[in-house]
Amino acid sequence: MLPVSLIASACKAQWLGHKEELTVKYLVTDTRKISPDQLSAQALFIAIVTQRSNGHWHIADAYDKGIRCFLVSEMTDTGQYPDAVFLLVNNTVTALQQIAVYVRMQSHIPVIGITGSNGKTIIKEWLHQLLEKQEHIIRSPKSYNSQIGVPLSVWPLDATHTLGIFEAGISQPGEMEQLEKIIRPTIGIFTNIGEAHNQGFLNSRQKINEKLQLFRQSELLIYCRDYHELHEAVALFAQSLKANTGHQLQLLSWSYKHEAGLAVQSLKKEGGRTRISALYKGKEQSMSIPFTDAASIENAINCWCFLLYRGLAEQEIQEGMAALKPIAMRLELRQGENNSVIINDAYNSDLTSLNIALDMLEQQKQQSAATVILSDMQQTGRAESVLYSEVADILKERKVNRLIAIGSALMAHRKLFEANARLQSSFFAGTEDFLHHIHEFTFDNEAILLKGARSFTFEKISLLLEQKIHQTVMTVNLTAMNNNLDAFRRRLKAGVRTMAMVKASSYGSGGYEIANALQEQKVDYLTVAYADEGVALRKARIELPIMVMSPSTQSFDRMIIWKLEPEIFNLRSLHQFIEVARNIGVQQYPVHIKLDTGMHRLGFMQHEIGPLLQVIKNEPVLRVASIFSHLAAADDPAYRDFTRAQAEAFVLMSTQISDALGYRPLRHLCNTAGIVQYPEYHFDMVRLGLGLYGIDGSGGLDDQLQQISTLRTTIAQIKHIPAGETIGYGRRGKVEQDMRIATICIGYADGYPRALSNSGAYVMVSNKSAPVIGTIAMDMCMVDITDIDAVHEGDEVIVFGDALPIQKLASWAGTISYEIMTGIAPRVKRVYVNES
C-alpha cells in the first residue's frame, strides 16, 4: 500500500490533469478481473501495451468500474475523467517494475528466488507447505513469473511478512536483469535446465547464464550438479562474481552420482512412496515423500536442501516431507450433477487465490447462480476479524448467491456474512460435518467454487458433487489455448481482427467452455457451422458476434432472433434471407458474403458477382459485414501459385463488391495455415481454427503451439496370456510369446477409431508405449504391457496428449487430426483447466 506521490516518484511519472493524494492498495492490469475490493479501496490501473492489446483502450471501462488512478504511457484526454489521477511514463511495464523495486527495497526479510525450466511452482508451493507454520510467507500466486507477473507478486509485500518465495521465468536475453532487481533473492534455487523457451536463445548455455543473473546478490544457490552444463556454468558464474565484485556466492549442490553438498546415497520406492538417504556435512540424513516419479523426487530434494541449510530439526524435516501434498497446478472446471459446473481450487486458500478463482466463477455465465464452498484461511498473518470482513465484502460485491463456510474461524465470524441479505449462508465446523449434511443441499444449474486449504480435504466434497460419467476423461487446457491464440496474434499487424472457429463443439473440445474463454480473450468473432450451435452459445450468454457458415434457409428467422450472422453463398439463400428479414422487420442486418475463388465448395463465383450486386446494392434489410473466401491448399507449399491465384481472385471480386456498395466490409481469407504461410493475405481479419487447438497443418508454428487436449482412461484388468492364444474379436490379436496385457476403458464408442486395431498404434502407460493388440471393441481395447514394470489395475493411461500427439493417431488411422478431435464422444467427460 503506497501513496500515489510515492508511486509517481518511484517510476518518475508525470502527473496529468487532476492531482490528488490517493492511497493505492491494488494494482490492476486487466479490466475483466477488477474485483470489488479493488473498488472500495483505491486501485491503480496500469495500461499495459503488448503486441496484441493496449491497456489504454480499456481506460474508460476501468473508470466506469470505479478505478480513479491510472498509470499510462500515452497522452490521455483527462477531461473525460475529471476526478481521476493520471501518471504518465514512457513505458508502463518498466514503471510497474520500478514500483515493485521500491516495495522490495523497503523490506529486509529472507527471500527465495526460484528459476529453471521446470518445477518452479511445485518447489515454491512445497516450501510454503513446509514452512507455513513457522513463517508468514508471501509468494507468487500460481505461476506469476514473467516481467509483469513478478512485480505484481512482490507488490503486496509488507512488514507482516517474514519470508518471500518468488518464481522467475524468462523467454529472451536481458529479462532476468530486471527480475533480479525486483526479487533480490537472498537464497536461490535453480531447478534444472530443459528445452522450454529455447527459441529465444542462441543455445542452452546462453539461457543458463541469463537465468543465473537472478543470483548476482544472493548468499546461497541450491542446484543439482548432475546437469553437467548447468554445473559448469554455475561454477564459472560464482568465480566471475568473486573476481569482478568481490561477492562470494555460497553453493549448495546435490547429486545422485557425484560429490556434492548433499550426496544422495539411495532411493527406495515402495507403496507409492520414496525413501531417500543422503550425506550432508558428513552426516547421514533420510526422509520419505509420498511420490515416486522422478520430477517429484527432484523437486523434493531441492526443498530438502533448503531446509537443511536453514537448520530445521531432522524430525521436523522428516514429518514435513512425509506430509507433502500434490500441487493442483491449475483451476479445474468439471461437470457436476443437474447441469452444474464445479471449479476445483481446493489446494490452498488465501485472498489472492480466492480472487483469481472468483474471476473464473464469474465467467460461468451459463449457470443461473453462484455458490462458494470455502474453508478457513490458515496462516495468513492477519487478524481474523479483518480478514473475514474482507472476505465477506468480496463475496457481496461479486454477487455470490450462496456460501457454504467450513471451519471454526468462519463459524466464529458468521455474522459478517449473515449481514448480507442476498447471501444464503451455512456454516459447518469441518468437512466431515458438512458431508454428513450434504444431502440437505440441492445443487441445480449453478456454478460451484470449491476453495479450501489442503487440511480440509475438499476433494471428498468434489467427488460427491461431480457428475458420475465414464472413466475416460478428456482434459482441455484453456491456458494452452490462450497461448496458442497469442502465438497467432503475434503474427498479425495492428488492427487485424481474429475470428475463432468453434464449430463442431470447438473441434470436440467443448462449445460453451471454449467460446467463453475466447470471449474473455477478446477475440472479435466466433464462427459455427449451423444455427443450432450458435443458439446454444447465445443461451449460454455468449455475446460476441457469431457467424454461421452453413445456415439452412429454414433457420434464418431463428438466427435473426438470436442475433446470429449468416454466411450467404448463393442467390437462393440471399433471396430467402431478404424475405425473412422483411417479414421480421429488421434493417441493416449483418451478413457475410462467401466467394468461391477455387475451393469449389460454397460461394459466389466471378460470373455471379453482377447478379449479386443487383440484389444487395440498395437492399435496406441487410448490410455486408464481411466478404471472405477459403484457401484450398494453404498448408501445401506445392500449391503456392494456386494459393496466390486464389488471393488475386479474392482481391478482384471483393473490391468489385466494395466499390458497388459504397462502403468497405471486412475482408478475410486466411485460415490457420494461411495465417502462418501468407502474412500478405491477412487483410482485415483472419480465421483461426485448428491452430487454436494446438495443430498447425503447415508446420510453420509447431514449436510455439501446445496441444490443448489430453485424453485419459484407466486400466480395468491385467492378464497374463500364454503364447499361442489370441486376443479380441475375430482372434486378430496373435500372442506369439507369453504376454501381459491390460484391458483399458476406451473403445470406438468413445471415439477411439476401430481403424487403430493392429495398426502399430499405442497408448502411454507409466510414460512408456503400450501397443494396441487385437480389435478395438465398442467400450474396451487391449494393450501389451509386457515390458512395462509396476503397472496396476486402475492406473492411468494416456490415449493422446503432449507425449502422444493427435497427429500420430490420425496417421495410424489413415485420417486427419480433425476427425480424431471431433470424433471424441459426448459420453467422454471434459474437464477444463486453467493454469493461470
# chains A, B, ... in the order shown; residues from 1 in each chain; ligands from 1

$ residues_around --residues "stretch 123-130 of chain A" --least-positions-apart "2" --cutoff "6 Å" --atoms "only C-alpha atoms" --output "MDAnalysis selection string"
chainID A and resid 120:121 132 299 320

$ atom_distance --atom1 "atom CA of A:Ser573" --atom2 "atom CA of A:Ser506"
25.7 Å

$ closest_residue --among "A:Phe488, A:Phe569, A:Trp15, A:Phe604" --to "A:Asn671" --atoms "only C-alpha atoms"
A:Phe488

$ select_by_dssp --residues "stretch 355-598 of chain A" --states "alpha helix (DSSP H)" --output "PyMOL selection string"
chain A and resi 355-363+384-397+408-412+414-418+431-437+459-465+478-489+503-507+511-520+531-539+556-561+571-584

$ select_by_dssp --residues "stretch 341-542 of chain A" --states "strand (DSSP E)" --output "ChimeraX atom specification"
/A:341-344,369-375,402-406,424-428,446-451,473-477,497-501,525-528

$ write_last_selection --atoms "N, CA and C atoms" --output "short mmCIF file (atom, residue, chain, number, x, y, z; two decimals), in the first residue's frame"
data_model
loop_
_atom_site.label_atom_id
_atom_site.label_comp_id
_atom_site.auth_asym_id
_atom_site.auth_seq_id
_atom_site.Cartn_x
_atom_site.Cartn_y
_atom_site.Cartn_z
N VAL A 341 -21.67 -26.72 -12.80
CA VAL A 341 -20.25 -26.85 -13.07
C VAL A 341 -19.49 -26.63 -11.77
N ILE A 342 -18.36 -27.30 -11.64
CA ILE A 342 -17.57 -27.22 -10.41
C ILE A 342 -16.19 -26.69 -10.76
N ILE A 343 -15.80 -25.62 -10.10
CA ILE A 343 -14.44 -25.09 -10.22
C ILE A 343 -13.67 -25.57 -8.99
N ASN A 344 -12.71 -26.43 -9.22
CA ASN A 344 -11.99 -27.05 -8.11
C ASN A 344 -10.65 -26.35 -7.90
N ALA A 369 -26.79 -19.33 -10.99
CA ALA A 369 -26.43 -18.96 -9.62
C ALA A 369 -24.98 -19.33 -9.35
N ALA A 370 -24.42 -18.69 -8.32
CA ALA A 370 -23.02 -18.94 -7.96
C ALA A 370 -22.94 -19.32 -6.49
N THR A 371 -22.29 -20.46 -6.22
CA THR A 371 -22.09 -20.96 -4.86
C THR A 371 -20.60 -21.05 -4.57
N VAL A 372 -20.19 -20.63 -3.39
CA VAL A 372 -18.80 -20.77 -2.95
C VAL A 372 -18.78 -21.67 -1.73
N ILE A 373 -18.00 -22.75 -1.80
CA ILE A 373 -17.75 -23.60 -0.65
C ILE A 373 -16.33 -23.28 -0.19
N LEU A 374 -16.23 -22.67 0.98
CA LEU A 374 -14.99 -22.04 1.42
C LEU A 374 -14.55 -22.57 2.78
N SER A 375 -13.25 -22.80 2.92
CA SER A 375 -12.71 -23.21 4.22
C SER A 375 -12.07 -22.02 4.92
N ARG A 402 -24.68 -18.07 -2.75
CA ARG A 402 -24.71 -18.98 -1.60
C ARG A 402 -23.28 -19.25 -1.12
N LEU A 403 -23.12 -19.25 0.19
CA LEU A 403 -21.83 -19.58 0.82
C LEU A 403 -22.03 -20.78 1.72
N ILE A 404 -21.18 -21.79 1.53
CA ILE A 404 -21.08 -22.90 2.47
C ILE A 404 -19.70 -22.77 3.12
N ALA A 405 -19.70 -22.33 4.37
CA ALA A 405 -18.46 -21.99 5.07
C ALA A 405 -18.07 -23.14 6.00
N ILE A 406 -16.82 -23.57 5.90
CA ILE A 406 -16.37 -24.74 6.66
C ILE A 406 -15.12 -24.37 7.46
N GLN A 424 -27.16 -16.49 0.86
CA GLN A 424 -27.64 -17.62 1.66
C GLN A 424 -26.41 -18.34 2.23
N SER A 425 -26.25 -18.33 3.53
CA SER A 425 -25.02 -18.87 4.12
C SER A 425 -25.30 -19.98 5.11
N SER A 426 -24.41 -20.98 5.08
CA SER A 426 -24.47 -22.11 6.01
C SER A 426 -23.07 -22.34 6.55
N PHE A 427 -22.99 -22.78 7.81
CA PHE A 427 -21.69 -22.89 8.47
C PHE A 427 -21.52 -24.27 9.09
N PHE A 428 -20.31 -24.83 8.94
CA PHE A 428 -20.02 -26.16 9.46
C PHE A 428 -18.65 -26.16 10.12
N GLU A 446 -26.01 -24.36 -11.34
CA GLU A 446 -25.22 -23.32 -10.70
C GLU A 446 -23.73 -23.59 -10.88
N ALA A 447 -22.96 -22.53 -10.73
CA ALA A 447 -21.50 -22.64 -10.75
C ALA A 447 -21.02 -22.72 -9.31
N ILE A 448 -20.24 -23.75 -9.01
CA ILE A 448 -19.81 -24.02 -7.63
C ILE A 448 -18.29 -23.90 -7.55
N LEU A 449 -17.82 -23.01 -6.70
CA LEU A 449 -16.38 -22.88 -6.47
C LEU A 449 -16.01 -23.60 -5.18
N LEU A 450 -15.10 -24.56 -5.29
CA LEU A 450 -14.53 -25.24 -4.12
C LEU A 450 -13.20 -24.57 -3.81
N LYS A 451 -13.11 -23.88 -2.67
CA LYS A 451 -11.90 -23.13 -2.33
C LYS A 451 -11.52 -23.46 -0.90
N VAL A 473 -11.68 -39.64 -19.63
CA VAL A 473 -11.83 -38.20 -19.43
C VAL A 473 -10.90 -37.47 -20.40
N MET A 474 -11.39 -36.39 -20.98
CA MET A 474 -10.54 -35.52 -21.80
C MET A 474 -10.33 -34.20 -21.07
N THR A 475 -9.08 -33.90 -20.76
CA THR A 475 -8.72 -32.64 -20.11
C THR A 475 -8.41 -31.61 -21.18
N VAL A 476 -9.04 -30.44 -21.06
CA VAL A 476 -8.83 -29.37 -22.03
C VAL A 476 -8.17 -28.20 -21.31
N ASN A 477 -6.98 -27.86 -21.74
CA ASN A 477 -6.18 -26.84 -21.07
C ASN A 477 -6.46 -25.47 -21.69
N ARG A 497 -8.13 -8.28 -37.20
CA ARG A 497 -9.01 -8.93 -36.24
C ARG A 497 -8.89 -10.45 -36.30
N THR A 498 -9.45 -11.08 -35.28
CA THR A 498 -9.37 -12.55 -35.18
C THR A 498 -10.77 -13.13 -35.09
N MET A 499 -11.05 -14.07 -35.98
CA MET A 499 -12.29 -14.85 -35.94
C MET A 499 -11.91 -16.27 -35.53
N ALA A 500 -12.50 -16.76 -34.46
CA ALA A 500 -12.16 -18.09 -33.94
C ALA A 500 -13.23 -19.10 -34.31
N MET A 501 -12.80 -20.25 -34.80
CA MET A 501 -13.72 -21.30 -35.22
C MET A 501 -14.08 -22.17 -34.01
N TYR A 525 -14.65 -12.29 -33.38
CA TYR A 525 -15.79 -13.04 -33.92
C TYR A 525 -15.66 -14.51 -33.54
N LEU A 526 -16.78 -15.18 -33.43
CA LEU A 526 -16.82 -16.64 -33.35
C LEU A 526 -17.54 -17.15 -34.59
N THR A 527 -17.23 -18.38 -34.97
CA THR A 527 -17.87 -18.98 -36.13
C THR A 527 -18.31 -20.39 -35.81
N VAL A 528 -19.57 -20.70 -36.16
CA VAL A 528 -20.12 -22.04 -36.02
C VAL A 528 -20.57 -22.52 -37.39
#

$ residues_around --residues "A:Gln335" --least-positions-apart "3" --cutoff "8 Å" --atoms "only C-alpha atoms" --output "list in words"
Asn339, Ser340, Val341, Ile342, Glu466, Gln467, Lys829, Arg830 and Val831 of chain A

$ write_last_selection --atoms "N, CA and C atoms" --output "CSV table (one decimal), in the first residue's frame"
chain,number,residue,atom,x,y,z
A,339,ASN,N,-26.8,-30.1,-14.3
A,339,ASN,CA,-26.3,-29.0,-15.1
A,339,ASN,C,-25.5,-28.0,-14.3
A,340,SER,N,-24.8,-28.4,-13.3
A,340,SER,CA,-23.9,-27.5,-12.6
A,340,SER,C,-22.5,-27.7,-13.1
A,341,VAL,N,-21.7,-26.7,-12.8
A,341,VAL,CA,-20.2,-26.9,-13.1
A,341,VAL,C,-19.5,-26.6,-11.8
A,342,ILE,N,-18.4,-27.3,-11.6
A,342,ILE,CA,-17.6,-27.2,-10.4
A,342,ILE,C,-16.2,-26.7,-10.8
A,466,GLU,N,-19.4,-34.1,-8.3
A,466,GLU,CA,-19.1,-34.3,-9.8
A,466,GLU,C,-20.1,-35.3,-10.4
A,467,GLN,N,-20.4,-35.0,-11.6
A,467,GLN,CA,-21.3,-35.9,-12.4
A,467,GLN,C,-20.6,-37.2,-12.6
A,829,LYS,N,-16.2,-37.5,-20.5
A,829,LYS,CA,-16.2,-36.2,-19.7
A,829,LYS,C,-15.1,-35.3,-20.0
A,830,ARG,N,-15.5,-34.0,-20.2
A,830,ARG,CA,-14.5,-33.0,-20.4
A,830,ARG,C,-14.2,-32.2,-19.1
A,831,VAL,N,-12.9,-32.1,-18.8
A,831,VAL,CA,-12.5,-31.3,-17.6
A,831,VAL,C,-11.7,-30.2,-18.1

$ residues_around --residues "A:Glu167" --least-positions-apart "3" --cutoff "9 Å" --atoms "only C-alpha atoms" --output "list of chain:residue names"
A:Ile112, A:Gly113, A:Ile114, A:Thr115, A:Lys120, A:Thr121, A:Lys124, A:Arg139, A:Ser140, A:Ser143, A:Tyr144, A:Asn145, A:Ser146, A:Val150, A:Ile183

$ decode --residues "stretch 669-683 of chain A" --atoms "all heavy atoms" --output "JSON list (two decimals), in the first residue's frame"
[["chain", "number", "residue", "atom", "x", "y", "z"],
["A", 669, "LEU", "N", -9.49, -14.01, -45.57],
["A", 669, "LEU", "CA", -9.16, -15.12, -46.47],
["A", 669, "LEU", "C", -8.40, -16.23, -45.78],
["A", 669, "LEU", "O", -8.60, -17.40, -46.07],
["A", 669, "LEU", "CB", -8.33, -14.57, -47.64],
["A", 669, "LEU", "CG", -7.83, -15.58, -48.69],
["A", 669, "LEU", "CD1", -9.02, -16.20, -49.43],
["A", 669, "LEU", "CD2", -6.89, -14.90, -49.68],
["A", 670, "CYS", "N", -7.52, -15.89, -44.83],
["A", 670, "CYS", "CA", -6.57, -16.87, -44.28],
["A", 670, "CYS", "C", -7.19, -17.74, -43.19],
["A", 670, "CYS", "O", -7.80, -17.25, -42.25],
["A", 670, "CYS", "CB", -5.35, -16.15, -43.70],
["A", 670, "CYS", "SG", -4.21, -15.56, -44.96],
["A", 671, "ASN", "N", -6.97, -19.04, -43.33],
["A", 671, "ASN", "CA", -7.23, -20.00, -42.26],
["A", 671, "ASN", "C", -5.95, -20.16, -41.44],
["A", 671, "ASN", "O", -5.02, -19.37, -41.58],
["A", 671, "ASN", "CB", -7.70, -21.33, -42.84],
["A", 671, "ASN", "CG", -6.73, -21.87, -43.89],
["A", 671, "ASN", "OD1", -5.62, -21.37, -44.05],
["A", 671, "ASN", "ND2", -7.16, -22.89, -44.62],
["A", 672, "THR", "N", -5.89, -21.18, -40.57],
["A", 672, "THR", "CA", -4.72, -21.36, -39.71],
["A", 672, "THR", "C", -3.42, -21.41, -40.51],
["A", 672, "THR", "O", -2.47, -20.68, -40.24],
["A", 672, "THR", "CB", -4.86, -22.64, -38.86],
["A", 672, "THR", "OG1", -5.92, -22.45, -37.92],
["A", 672, "THR", "CG2", -3.58, -22.94, -38.11],
["A", 673, "ALA", "N", -3.37, -22.27, -41.52],
["A", 673, "ALA", "CA", -2.14, -22.39, -42.31],
["A", 673, "ALA", "C", -1.85, -21.10, -43.06],
["A", 673, "ALA", "O", -0.68, -20.68, -43.18],
["A", 673, "ALA", "CB", -2.26, -23.56, -43.29],
["A", 674, "GLY", "N", -2.89, -20.44, -43.56],
["A", 674, "GLY", "CA", -2.71, -19.20, -44.28],
["A", 674, "GLY", "C", -2.14, -18.10, -43.41],
["A", 674, "GLY", "O", -1.34, -17.27, -43.87],
["A", 675, "ILE", "N", -2.54, -18.06, -42.14],
["A", 675, "ILE", "CA", -2.01, -17.05, -41.22],
["A", 675, "ILE", "C", -0.49, -17.16, -41.14],
["A", 675, "ILE", "O", 0.23, -16.16, -41.14],
["A", 675, "ILE", "CB", -2.62, -17.22, -39.81],
["A", 675, "ILE", "CG1", -4.13, -16.96, -39.84],
["A", 675, "ILE", "CG2", -1.95, -16.27, -38.82],
["A", 675, "ILE", "CD1", -4.83, -17.34, -38.55],
["A", 676, "VAL", "N", 0.00, -18.40, -41.08],
["A", 676, "VAL", "CA", 1.44, -18.63, -40.93],
["A", 676, "VAL", "C", 2.18, -18.42, -42.25],
["A", 676, "VAL", "O", 3.22, -17.77, -42.30],
["A", 676, "VAL", "CB", 1.70, -20.06, -40.40],
["A", 676, "VAL", "CG1", 3.19, -20.33, -40.28],
["A", 676, "VAL", "CG2", 1.00, -20.26, -39.06],
["A", 677, "GLN", "N", 1.63, -18.96, -43.33],
["A", 677, "GLN", "CA", 2.36, -19.02, -44.59],
["A", 677, "GLN", "C", 2.17, -17.79, -45.48],
["A", 677, "GLN", "O", 3.01, -17.51, -46.33],
["A", 677, "GLN", "CB", 1.94, -20.27, -45.38],
["A", 677, "GLN", "CG", 2.24, -21.58, -44.65],
["A", 677, "GLN", "CD", 3.72, -21.79, -44.42],
["A", 677, "GLN", "OE1", 4.56, -21.42, -45.24],
["A", 677, "GLN", "NE2", 4.07, -22.39, -43.29],
["A", 678, "TYR", "N", 1.08, -17.04, -45.28],
["A", 678, "TYR", "CA", 0.78, -15.94, -46.19],
["A", 678, "TYR", "C", 0.40, -14.67, -45.44],
["A", 678, "TYR", "O", -0.75, -14.23, -45.47],
["A", 678, "TYR", "CB", -0.35, -16.34, -47.15],
["A", 678, "TYR", "CG", 0.00, -17.51, -48.04],
["A", 678, "TYR", "CD1", -0.36, -18.81, -47.67],
["A", 678, "TYR", "CD2", 0.71, -17.33, -49.22],
["A", 678, "TYR", "CE1", -0.03, -19.89, -48.47],
["A", 678, "TYR", "CE2", 1.06, -18.40, -50.03],
["A", 678, "TYR", "CZ", 0.69, -19.68, -49.65],
["A", 678, "TYR", "OH", 1.03, -20.74, -50.45],
["A", 679, "PRO", "N", 1.34, -14.06, -44.72],
["A", 679, "PRO", "CA", 1.02, -12.84, -43.96],
["A", 679, "PRO", "C", 0.52, -11.71, -44.85],
["A", 679, "PRO", "O", -0.20, -10.83, -44.38],
["A", 679, "PRO", "CB", 2.35, -12.49, -43.28],
["A", 679, "PRO", "CG", 3.40, -13.20, -44.07],
["A", 679, "PRO", "CD", 2.77, -14.45, -44.57],
["A", 680, "GLU", "N", 0.88, -11.73, -46.14],
["A", 680, "GLU", "CA", 0.44, -10.66, -47.04],
["A", 680, "GLU", "C", -1.05, -10.74, -47.34],
["A", 680, "GLU", "O", -1.63, -9.79, -47.89],
["A", 680, "GLU", "CB", 1.24, -10.71, -48.36],
["A", 680, "GLU", "CG", 1.02, -11.96, -49.21],
["A", 680, "GLU", "CD", 1.97, -13.11, -48.88],
["A", 680, "GLU", "OE1", 2.37, -13.22, -47.71],
["A", 680, "GLU", "OE2", 2.28, -13.89, -49.80],
["A", 681, "TYR", "N", -1.70, -11.86, -46.94],
["A", 681, "TYR", "CA", -3.13, -12.03, -47.22],
["A", 681, "TYR", "C", -3.98, -11.98, -45.96],
["A", 681, "TYR", "O", -5.08, -12.51, -45.93],
["A", 681, "TYR", "CB", -3.37, -13.35, -47.97],
["A", 681, "TYR", "CG", -2.62, -13.46, -49.29],
["A", 681, "TYR", "CD1", -2.10, -14.69, -49.71],
["A", 681, "TYR", "CD2", -2.44, -12.35, -50.11],
["A", 681, "TYR", "CE1", -1.41, -14.80, -50.91],
["A", 681, "TYR", "CE2", -1.75, -12.45, -51.31],
["A", 681, "TYR", "CZ", -1.23, -13.69, -51.70],
["A", 681, "TYR", "OH", -0.55, -13.79, -52.89],
["A", 682, "HIS", "N", -3.45, -11.38, -44.91],
["A", 682, "HIS", "CA", -4.24, -11.28, -43.67],
["A", 682, "HIS", "C", -5.42, -10.33, -43.80],
["A", 682, "HIS", "O", -6.41, -10.46, -43.07],
["A", 682, "HIS", "CB", -3.34, -10.82, -42.51],
["A", 682, "HIS", "CG", -2.38, -11.87, -42.04],
["A", 682, "HIS", "ND1", -1.42, -11.62, -41.09],
["A", 682, "HIS", "CD2", -2.22, -13.17, -42.40],
["A", 682, "HIS", "CE1", -0.70, -12.71, -40.88],
["A", 682, "HIS", "NE2", -1.17, -13.66, -41.66],
["A", 683, "PHE", "N", -5.32, -9.36, -44.67],
["A", 683, "PHE", "CA", -6.39, -8.38, -44.90],
["A", 683, "PHE", "C", -6.90, -7.78, -43.58],
["A", 683, "PHE", "O", -6.11, -7.37, -42.74],
["A", 683, "PHE", "CB", -7.51, -9.00, -45.74],
["A", 683, "PHE", "CG", -7.06, -9.42, -47.11],
["A", 683, "PHE", "CD1", -6.96, -10.77, -47.46],
["A", 683, "PHE", "CD2", -6.71, -8.46, -48.06],
["A", 683, "PHE", "CE1", -6.52, -11.15, -48.72],
["A", 683, "PHE", "CE2", -6.26, -8.83, -49.33],
["A", 683, "PHE", "CZ", -6.16, -10.19, -49.66]]
